[in-house]
Structures are given as structure tokens and as C-alpha cells.
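Written below as C-alpha cells is the structure these notes are about.
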Amino acid sequence: MKTAFALFLPLLLLAACKPAPEASQTSTSTKSGKPQVYVANYPLKYFAERIGGDAIEVKFPAPGDEDPVFWQPDDAAVAGFQNADLILMNGATYSKWAEKVTLPQSKLVDTSVAFKAQFIEIKADATHSHGPGGEHSHSGTAFTTWIDFQQAIQQAEAVSKALTKFAPYAEKNFAALKGELEALDARLLAVGKRLANAPLVASHPVYHYFARRYALNVRPVLWEPETVPDDKAMEELKGILTMHPAKWMIWEGDPAKDSVAKLEAIGVKSVTFDPCGNVPGGGDFMAVMKANVEAFEKAFP
């Protein structure tokens, strides 16, 4: 027995010296060694990646086929937000799911709080659906804040301030991003002046801040780019045009060819301004916004 114990003792000592498996942490930073930053939409993902660079890992768990504003995260996604090192929210009632869960306030940044007093309230509109998100309404606070590029700059600045503790070069990266957004802002202000309050229609009620910033006279309908309007929708549009004689419709995405043809038949042309709330099929946020501005400059020279 003594000999057996003597042989077994070194094994016990060896096991005791081995490091214990890493315990789960309240922060998700242990997965990659970088701070984990969870974001509510793609514009914030882009801002965080531009500003934080390789110093952080950005997580945007909303699926690519849903509008993040109407997304309902599952338990795993909620847990990801709760365990993040930093949570970047859009504000303006964007993430309605967040009202039903508890998020750590010490890690949460509302990126639109600086212009909260300028939020636009939308009167109740019809309930409708598109994509897998189910029925929803656009009534309440307008949430597409970033397509007013001055507001986008303020949101990016909030991101920059939050990331300074993780990325010492955040301020420099923000300055470069700010310059690009300011250039786009100036170009759209010039387009607005050329339009001189001419009536426009929009395929969806998401352009409130955009219209206010660039002095655009926009009346929305509830159409989808991939859906060709039926006779009822066309008649409703014609009724709007009797009081609001628009010659252009602004689309969230490239419209179906048949939709373009139907509009042209009644004297309305089409132009796309993609808000880019989710990851685009090609390019990045800045590429999409530059394409949007170029499309407006071409439509309204």
C-alpha cells in the first residue's frame, strides 16, 4: 500500500499544479482577447469599426434579412448584449426589444441623446408588414436618425467618446469619419436648395430627419422595393398626387422594374436613397451613402 501511494502522490501533485479551466466571465472579452462591443444597427457597427479599428470586436447579431428596428432578439442575443463590454444603442425608440429586458446601464451608450430634444414624433399610421418581422407600425418617434448626416456625426462622436478607453486612436479615426460625413452633408444641402421645396413622395415613412435636414418636401406611402404596387396602391398614390404633385419617388432600395414602369406611366420617376440600417449586399455604409448622394445629385442637377 505504501508503494502504491508513493506512485500515486506525484500524479496528485501534477494535477494540483495544472491551471483550472477558465471560468465564464461577466464580460465577453475573453473570447477573442478584445473588448466586445454590441450594437443595435449597422450604422453603429460601421462607426464602431471605423473608430475602434482592431482594438475592439464589434457584434451585430440581427439577421441580414430583417430590419433591425423591428428585430426581436432571442435569449442568446440578449445575453450577448448583457455580457458585452460596451453596448451602443441608436436611441429614438429604435430597439423596442430593449424596453423588455435589463441591460447594464454602466456599459450602455445612447448615441442619439445629444439631439433628443429634436426628435420627430410621427402620427399613427397603418399597420403593415415586410420581411419576417411581422406586423408593425411606424408611429411614435422617428428612428432613422443617421440619414441626417449632422446627427450621424453626433452619433459617431458618442461612439468615439465611448471607445476612447479601448482605442487610444479613436479621436483621430472619428475626425476622419466626421470629415467624410460633413462632405456628404454639404452636397445634400445643395441638392435641397436646388429642389426648392418641390413635392416628393417616398416609398416608406423613414425619411423624416433626412427631409428636415435637407429641406425636402416629402410625403410617404407604405410600399416595398421588391413588391410591385397593385391597382389599389396606384389609386391611393394618384389621390396623393392631386394634392402633392410629386414627380419623383424616393425608394429605400432599388425598386422592381415593373414598379418603375408603373410610376413612369403616371409621370413619376424613381430615385434610391438606402438608409442602410442593415449590412448592405456590397460595399459598406460610406459606400452606400456616397451612392445615395450621387443618385440625388444626378436626379436633381
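Ligands are numbered from 1 in the order shown, residues from 1 within each chain, and chains are lettered A, B, ... in the order they appear in the C-alpha cells.
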Quick one: residues within 10 Å of A:Ala62, only C-alpha atoms counted, chain neighbours fewer than 5 positions away excluded, as a VMD selection string?
-> chain A and resid 39 to 42 67 to 74 77 278 to 279
Where does stretch 275-296 of chain A meet stretch 248-253 of chain A within 12 Å, residue by residue, with the nearest atom pair and distance in Å to one decimal for each, counting only C-alpha atoms, listed by chain and rising number, as CSV?
residue,atom,partner,partner_atom,distance
A:Pro275,CA,A:Glu252,CA,6.5
A:Cys276,CA,A:Glu252,CA,8.4
A:Gly277,CA,A:Glu252,CA,10.2
A:Asn278,CA,A:Glu252,CA,11.8
A:Pro280,CA,A:Gly253,CA,10.4
A:Gly281,CA,A:Gly253,CA,11.2
A:Val288,CA,A:Gly253,CA,10.7
A:Met289,CA,A:Glu252,CA,11.9
A:Ala291,CA,A:Gly253,CA,11.7
A:Asn292,CA,A:Glu252,CA,10.0
A:Ala295,CA,A:Ile250,CA,10.4
A:Phe296,CA,A:Ile250,CA,9.5
List every residue of stretch 176-266 of chain A that DSSP, applied to the backbone of this structure, places in alpha helix (DSSP H), and write the result as a short mmCIF file (atom, residue, chain, number, x, y, z; two decimals) with N, CA and C atoms, in the first residue's frame.
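Just written: part_1.cif:
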data_model
loop_
_atom_site.label_atom_id
_atom_site.label_comp_id
_atom_site.auth_asym_id
_atom_site.auth_seq_id
_atom_site.Cartn_x
_atom_site.Cartn_y
_atom_site.Cartn_z
N ALA A 176 -11.55 61.71 -39.03
CA ALA A 176 -11.58 61.35 -40.45
C ALA A 176 -13.00 61.01 -40.90
N LEU A 177 -13.72 60.25 -40.08
CA LEU A 177 -15.10 59.90 -40.40
C LEU A 177 -15.97 61.15 -40.44
N LYS A 178 -15.78 62.04 -39.50
CA LYS A 178 -16.55 63.28 -39.45
C LYS A 178 -16.36 64.10 -40.73
N GLY A 179 -15.14 64.16 -41.22
CA GLY A 179 -14.88 64.90 -42.45
C GLY A 179 -15.64 64.34 -43.63
N GLU A 180 -15.72 63.03 -43.74
CA GLU A 180 -16.46 62.41 -44.84
C GLU A 180 -17.96 62.68 -44.73
N LEU A 181 -18.48 62.60 -43.52
CA LEU A 181 -19.91 62.86 -43.32
C LEU A 181 -20.25 64.33 -43.56
N GLU A 182 -19.37 65.22 -43.18
CA GLU A 182 -19.60 66.65 -43.43
C GLU A 182 -19.63 66.95 -44.92
N ALA A 183 -18.79 66.28 -45.69
CA ALA A 183 -18.78 66.49 -47.14
C ALA A 183 -20.09 66.04 -47.77
N LEU A 184 -20.60 64.88 -47.34
CA LEU A 184 -21.88 64.40 -47.84
C LEU A 184 -23.02 65.33 -47.43
N ASP A 185 -22.94 65.81 -46.22
CA ASP A 185 -23.96 66.74 -45.71
C ASP A 185 -24.03 68.00 -46.57
N ALA A 186 -22.89 68.56 -46.90
CA ALA A 186 -22.86 69.78 -47.72
C ALA A 186 -23.44 69.53 -49.11
N ARG A 187 -23.16 68.38 -49.68
CA ARG A 187 -23.68 68.06 -51.01
C ARG A 187 -25.19 67.92 -50.99
N LEU A 188 -25.74 67.31 -49.95
CA LEU A 188 -27.20 67.17 -49.88
C LEU A 188 -27.88 68.50 -49.57
N LEU A 189 -27.24 69.35 -48.80
CA LEU A 189 -27.81 70.69 -48.58
C LEU A 189 -27.93 71.43 -49.90
N ALA A 190 -26.95 71.26 -50.77
CA ALA A 190 -27.01 71.90 -52.09
C ALA A 190 -28.14 71.32 -52.93
N VAL A 191 -28.37 70.02 -52.86
CA VAL A 191 -29.48 69.40 -53.58
C VAL A 191 -30.81 69.95 -53.07
N GLY A 192 -30.94 70.06 -51.76
CA GLY A 192 -32.16 70.61 -51.18
C GLY A 192 -32.46 72.01 -51.67
N LYS A 193 -31.43 72.82 -51.79
CA LYS A 193 -31.63 74.18 -52.29
C LYS A 193 -32.11 74.16 -53.73
N ARG A 194 -31.56 73.27 -54.54
CA ARG A 194 -31.99 73.19 -55.94
C ARG A 194 -33.43 72.71 -56.06
N LEU A 195 -33.85 71.84 -55.18
CA LEU A 195 -35.22 71.34 -55.23
C LEU A 195 -36.23 72.41 -54.83
N HIS A 208 -37.92 61.17 -42.24
CA HIS A 208 -38.30 62.39 -41.51
C HIS A 208 -37.11 63.29 -41.20
N TYR A 209 -36.05 62.75 -40.63
CA TYR A 209 -34.88 63.57 -40.30
C TYR A 209 -34.14 63.98 -41.56
N PHE A 210 -34.10 63.10 -42.52
CA PHE A 210 -33.49 63.39 -43.82
C PHE A 210 -34.20 64.58 -44.47
N ALA A 211 -35.53 64.55 -44.49
CA ALA A 211 -36.30 65.63 -45.11
C ALA A 211 -36.13 66.94 -44.35
N ARG A 212 -36.11 66.87 -43.04
CA ARG A 212 -35.97 68.10 -42.25
C ARG A 212 -34.61 68.74 -42.47
N ARG A 213 -33.55 67.95 -42.43
CA ARG A 213 -32.21 68.50 -42.57
C ARG A 213 -31.98 69.12 -43.93
N ASP A 231 -53.33 47.73 -58.11
CA ASP A 231 -54.20 48.82 -58.58
C ASP A 231 -54.64 49.73 -57.43
N LYS A 232 -54.92 49.13 -56.26
CA LYS A 232 -55.35 49.93 -55.12
C LYS A 232 -54.25 50.89 -54.68
N ALA A 233 -53.02 50.39 -54.61
CA ALA A 233 -51.90 51.24 -54.21
C ALA A 233 -51.69 52.37 -55.21
N MET A 234 -51.84 52.07 -56.48
CA MET A 234 -51.66 53.10 -57.51
C MET A 234 -52.75 54.17 -57.41
N GLU A 235 -53.97 53.74 -57.13
CA GLU A 235 -55.06 54.72 -57.00
C GLU A 235 -54.85 55.60 -55.77
N GLU A 236 -54.36 55.01 -54.69
CA GLU A 236 -54.08 55.80 -53.49
C GLU A 236 -52.98 56.82 -53.77
N LEU A 237 -51.96 56.40 -54.51
CA LEU A 237 -50.89 57.33 -54.87
C LEU A 237 -51.42 58.46 -55.75
N LYS A 238 -52.25 58.13 -56.71
CA LYS A 238 -52.83 59.17 -57.58
C LYS A 238 -53.61 60.18 -56.75
N GLY A 239 -54.31 59.69 -55.72
CA GLY A 239 -55.04 60.61 -54.84
C GLY A 239 -54.09 61.55 -54.12
N ILE A 240 -52.94 61.03 -53.65
CA ILE A 240 -51.94 61.89 -53.00
C ILE A 240 -51.40 62.92 -53.97
N LEU A 241 -51.18 62.49 -55.21
CA LEU A 241 -50.57 63.39 -56.20
C LEU A 241 -51.49 64.54 -56.59
N THR A 242 -52.78 64.38 -56.39
CA THR A 242 -53.68 65.50 -56.72
C THR A 242 -53.43 66.69 -55.80
N MET A 243 -53.02 66.42 -54.57
CA MET A 243 -52.74 67.49 -53.61
C MET A 243 -51.24 67.73 -53.44
N LYS A 257 -38.52 46.56 -61.57
CA LYS A 257 -38.67 47.24 -62.86
C LYS A 257 -40.12 47.57 -63.17
N ASP A 258 -41.03 46.66 -62.81
CA ASP A 258 -42.44 46.91 -63.07
C ASP A 258 -42.96 48.08 -62.24
N SER A 259 -42.44 48.25 -61.05
CA SER A 259 -42.82 49.39 -60.21
C SER A 259 -42.38 50.69 -60.86
N VAL A 260 -41.15 50.70 -61.35
CA VAL A 260 -40.62 51.89 -62.03
C VAL A 260 -41.48 52.23 -63.24
N ALA A 261 -41.85 51.21 -64.00
CA ALA A 261 -42.66 51.42 -65.20
C ALA A 261 -44.03 51.97 -64.85
N LYS A 262 -44.64 51.44 -63.80
CA LYS A 262 -45.96 51.93 -63.40
C LYS A 262 -45.91 53.39 -62.97
N LEU A 263 -44.86 53.75 -62.27
CA LEU A 263 -44.72 55.14 -61.84
C LEU A 263 -44.46 56.06 -63.03
N GLU A 264 -43.60 55.63 -63.92
CA GLU A 264 -43.31 56.46 -65.09
C GLU A 264 -44.55 56.69 -65.95
N ALA A 265 -45.46 55.72 -65.94
CA ALA A 265 -46.69 55.85 -66.72
C ALA A 265 -47.57 56.98 -66.20
#
Within 6 Å of stretch 83-99 of chain A, counting only C-alpha atoms, which residues show up once you throw out same-chain ones fewer than 5 positions away? Write them as a ChimeraX atom specification, please.
-> /A:26-28,35-40,69,107-112,143
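Note that the spacing between atom CA of A:Ala114 and atom CA of A:Lys165 amounts to 20.3 Å.
Excluding stretch 45-51 of chain A itself and same-chain residues fewer than 2 positions from it, the residues having an atom within 7 Å of it are Val39, Asn41, Tyr42, Pro43, Gly53, Val58, Phe60, Ala156, Val159, Ser160, Ala170, Asn173, Phe174 and Phe285 of chain A, counting only C-alpha atoms.
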Keeping only all heavy atoms, write the selected residues to a file as an mmCIF file, in the first residue's frame.
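Resulting contents of out_22.cif:
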data_model
loop_
_atom_site.group_PDB
_atom_site.id
_atom_site.type_symbol
_atom_site.label_atom_id
_atom_site.label_comp_id
_atom_site.auth_asym_id
_atom_site.auth_seq_id
_atom_site.Cartn_x
_atom_site.Cartn_y
_atom_site.Cartn_z
ATOM 1 N N VAL A 39 -23.858 46.235 -30.882
ATOM 2 C CA VAL A 39 -24.503 47.402 -31.482
ATOM 3 C C VAL A 39 -25.922 47.069 -31.924
ATOM 4 O O VAL A 39 -26.255 45.920 -32.221
ATOM 5 C CB VAL A 39 -23.697 47.930 -32.687
ATOM 6 C CG1 VAL A 39 -22.298 48.348 -32.257
ATOM 7 C CG2 VAL A 39 -23.615 46.880 -33.798
ATOM 8 N N ASN A 41 -27.600 48.495 -34.627
ATOM 9 C CA ASN A 41 -27.853 48.511 -36.067
ATOM 10 C C ASN A 41 -26.537 48.615 -36.831
ATOM 11 O O ASN A 41 -25.460 48.776 -36.234
ATOM 12 C CB ASN A 41 -28.816 49.639 -36.460
ATOM 13 C CG ASN A 41 -28.319 51.023 -36.064
ATOM 14 O OD1 ASN A 41 -27.129 51.260 -35.914
ATOM 15 N ND2 ASN A 41 -29.250 51.950 -35.891
ATOM 16 N N TYR A 42 -26.640 48.531 -38.150
ATOM 17 C CA TYR A 42 -25.426 48.523 -38.953
ATOM 18 C C TYR A 42 -24.684 49.864 -38.962
ATOM 19 O O TYR A 42 -23.439 49.862 -38.913
ATOM 20 C CB TYR A 42 -25.735 48.082 -40.388
ATOM 21 C CG TYR A 42 -24.533 48.241 -41.281
ATOM 22 C CD1 TYR A 42 -23.377 47.493 -41.059
ATOM 23 C CD2 TYR A 42 -24.525 49.165 -42.320
ATOM 24 C CE1 TYR A 42 -22.252 47.653 -41.866
ATOM 25 C CE2 TYR A 42 -23.410 49.335 -43.124
ATOM 26 C CZ TYR A 42 -22.271 48.585 -42.885
ATOM 27 O OH TYR A 42 -21.160 48.756 -43.668
ATOM 28 N N PRO A 43 -25.374 51.022 -39.032
ATOM 29 C CA PRO A 43 -24.606 52.265 -38.954
ATOM 30 C C PRO A 43 -23.707 52.340 -37.726
ATOM 31 O O PRO A 43 -22.548 52.777 -37.820
ATOM 32 C CB PRO A 43 -25.695 53.343 -38.933
ATOM 33 C CG PRO A 43 -26.821 52.738 -39.703
ATOM 34 C CD PRO A 43 -26.801 51.284 -39.308
ATOM 35 N N GLY A 53 -11.300 50.397 -34.776
ATOM 36 C CA GLY A 53 -10.309 49.621 -35.501
ATOM 37 C C GLY A 53 -10.105 48.222 -34.929
ATOM 38 O O GLY A 53 -11.039 47.578 -34.454
ATOM 39 N N VAL A 58 -16.576 44.032 -32.839
ATOM 40 C CA VAL A 58 -17.945 44.547 -32.886
ATOM 41 C C VAL A 58 -18.906 43.415 -33.225
ATOM 42 O O VAL A 58 -18.688 42.666 -34.180
ATOM 43 C CB VAL A 58 -18.081 45.688 -33.916
ATOM 44 C CG1 VAL A 58 -19.502 46.242 -33.926
ATOM 45 C CG2 VAL A 58 -17.081 46.803 -33.602
ATOM 46 N N PHE A 60 -22.894 42.515 -34.131
ATOM 47 C CA PHE A 60 -24.205 42.980 -34.579
ATOM 48 C C PHE A 60 -25.034 41.741 -34.889
ATOM 49 O O PHE A 60 -24.984 41.213 -36.001
ATOM 50 C CB PHE A 60 -24.035 43.879 -35.810
ATOM 51 C CG PHE A 60 -25.326 44.294 -36.463
ATOM 52 C CD1 PHE A 60 -26.409 44.718 -35.708
ATOM 53 C CD2 PHE A 60 -25.447 44.271 -37.845
ATOM 54 C CE1 PHE A 60 -27.589 45.103 -36.311
ATOM 55 C CE2 PHE A 60 -26.625 44.657 -38.461
ATOM 56 C CZ PHE A 60 -27.707 45.073 -37.698
ATOM 57 N N ALA A 156 -21.709 59.307 -34.136
ATOM 58 C CA ALA A 156 -20.337 58.812 -34.248
ATOM 59 C C ALA A 156 -19.447 59.397 -33.154
ATOM 60 O O ALA A 156 -18.554 58.710 -32.634
ATOM 61 C CB ALA A 156 -19.776 59.142 -35.632
ATOM 62 N N VAL A 159 -19.975 57.453 -30.071
ATOM 63 C CA VAL A 159 -19.242 56.200 -30.200
ATOM 64 C C VAL A 159 -17.761 56.422 -29.892
ATOM 65 O O VAL A 159 -17.131 55.646 -29.162
ATOM 66 C CB VAL A 159 -19.421 55.607 -31.612
ATOM 67 C CG1 VAL A 159 -18.511 54.397 -31.810
ATOM 68 C CG2 VAL A 159 -20.878 55.218 -31.849
ATOM 69 N N SER A 160 -17.212 57.492 -30.444
ATOM 70 C CA SER A 160 -15.793 57.799 -30.240
ATOM 71 C C SER A 160 -15.474 57.998 -28.767
ATOM 72 O O SER A 160 -14.486 57.456 -28.241
ATOM 73 C CB SER A 160 -15.418 59.055 -31.030
ATOM 74 O OG SER A 160 -14.080 59.427 -30.795
ATOM 75 N N ALA A 170 -9.001 56.537 -31.143
ATOM 76 C CA ALA A 170 -10.406 56.708 -31.518
ATOM 77 C C ALA A 170 -10.706 58.129 -31.986
ATOM 78 O O ALA A 170 -11.423 58.336 -32.967
ATOM 79 C CB ALA A 170 -11.310 56.335 -30.341
ATOM 80 N N ASN A 173 -9.518 58.699 -35.565
ATOM 81 C CA ASN A 173 -10.366 57.998 -36.529
ATOM 82 C C ASN A 173 -11.726 58.673 -36.666
ATOM 83 O O ASN A 173 -12.291 58.737 -37.763
ATOM 84 C CB ASN A 173 -10.548 56.541 -36.103
ATOM 85 C CG ASN A 173 -9.280 55.727 -36.290
ATOM 86 O OD1 ASN A 173 -8.330 56.165 -36.928
ATOM 87 N ND2 ASN A 173 -9.262 54.528 -35.724
ATOM 88 N N PHE A 174 -12.255 59.166 -35.550
ATOM 89 C CA PHE A 174 -13.526 59.889 -35.609
ATOM 90 C C PHE A 174 -13.393 61.150 -36.460
ATOM 91 O O PHE A 174 -14.291 61.485 -37.244
ATOM 92 C CB PHE A 174 -14.013 60.256 -34.206
ATOM 93 C CG PHE A 174 -15.084 61.309 -34.212
ATOM 94 C CD1 PHE A 174 -16.337 61.046 -34.752
ATOM 95 C CD2 PHE A 174 -14.840 62.581 -33.697
ATOM 96 C CE1 PHE A 174 -17.333 62.024 -34.776
ATOM 97 C CE2 PHE A 174 -15.810 63.555 -33.708
ATOM 98 C CZ PHE A 174 -17.064 63.275 -34.252
ATOM 99 N N PHE A 285 -21.127 51.112 -45.276
ATOM 100 C CA PHE A 285 -22.027 52.244 -45.012
ATOM 101 C C PHE A 285 -21.641 53.472 -45.827
ATOM 102 O O PHE A 285 -22.495 54.107 -46.454
ATOM 103 C CB PHE A 285 -21.999 52.570 -43.517
ATOM 104 C CG PHE A 285 -22.809 53.778 -43.131
ATOM 105 C CD1 PHE A 285 -24.171 53.667 -42.890
ATOM 106 C CD2 PHE A 285 -22.212 55.018 -42.991
ATOM 107 C CE1 PHE A 285 -24.925 54.776 -42.527
ATOM 108 C CE2 PHE A 285 -22.954 56.141 -42.632
ATOM 109 C CZ PHE A 285 -24.316 56.013 -42.390
#
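Here atom CA of A:Phe81 and atom CA of A:Leu103 stand 7.2 Å from one another.
Restricting the calculation to only C-alpha atoms, the smallest distance between A:Lys161 and any of A:Gln118, A:Pro301, A:Ile147, A:Gly52 is found for A:Gly52.
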Mind listing the strand (DSSP E) residues of stretch 29-138 of chain A, per DSSP on the backbone, as a ChimeraX atom specification?
-> /A:36-39,57-59,86-89,108-110,121-122,128-129,135-136
Residue nearest A:Asp274 among A:Glu224, A:Asp254, A:Asp148, A:Glu57 (counting only C-alpha atoms) | A:Asp254
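Coordinates place atom CA of A:Lys116 at a distance of 10.3 Å from atom CA of A:Thr141.
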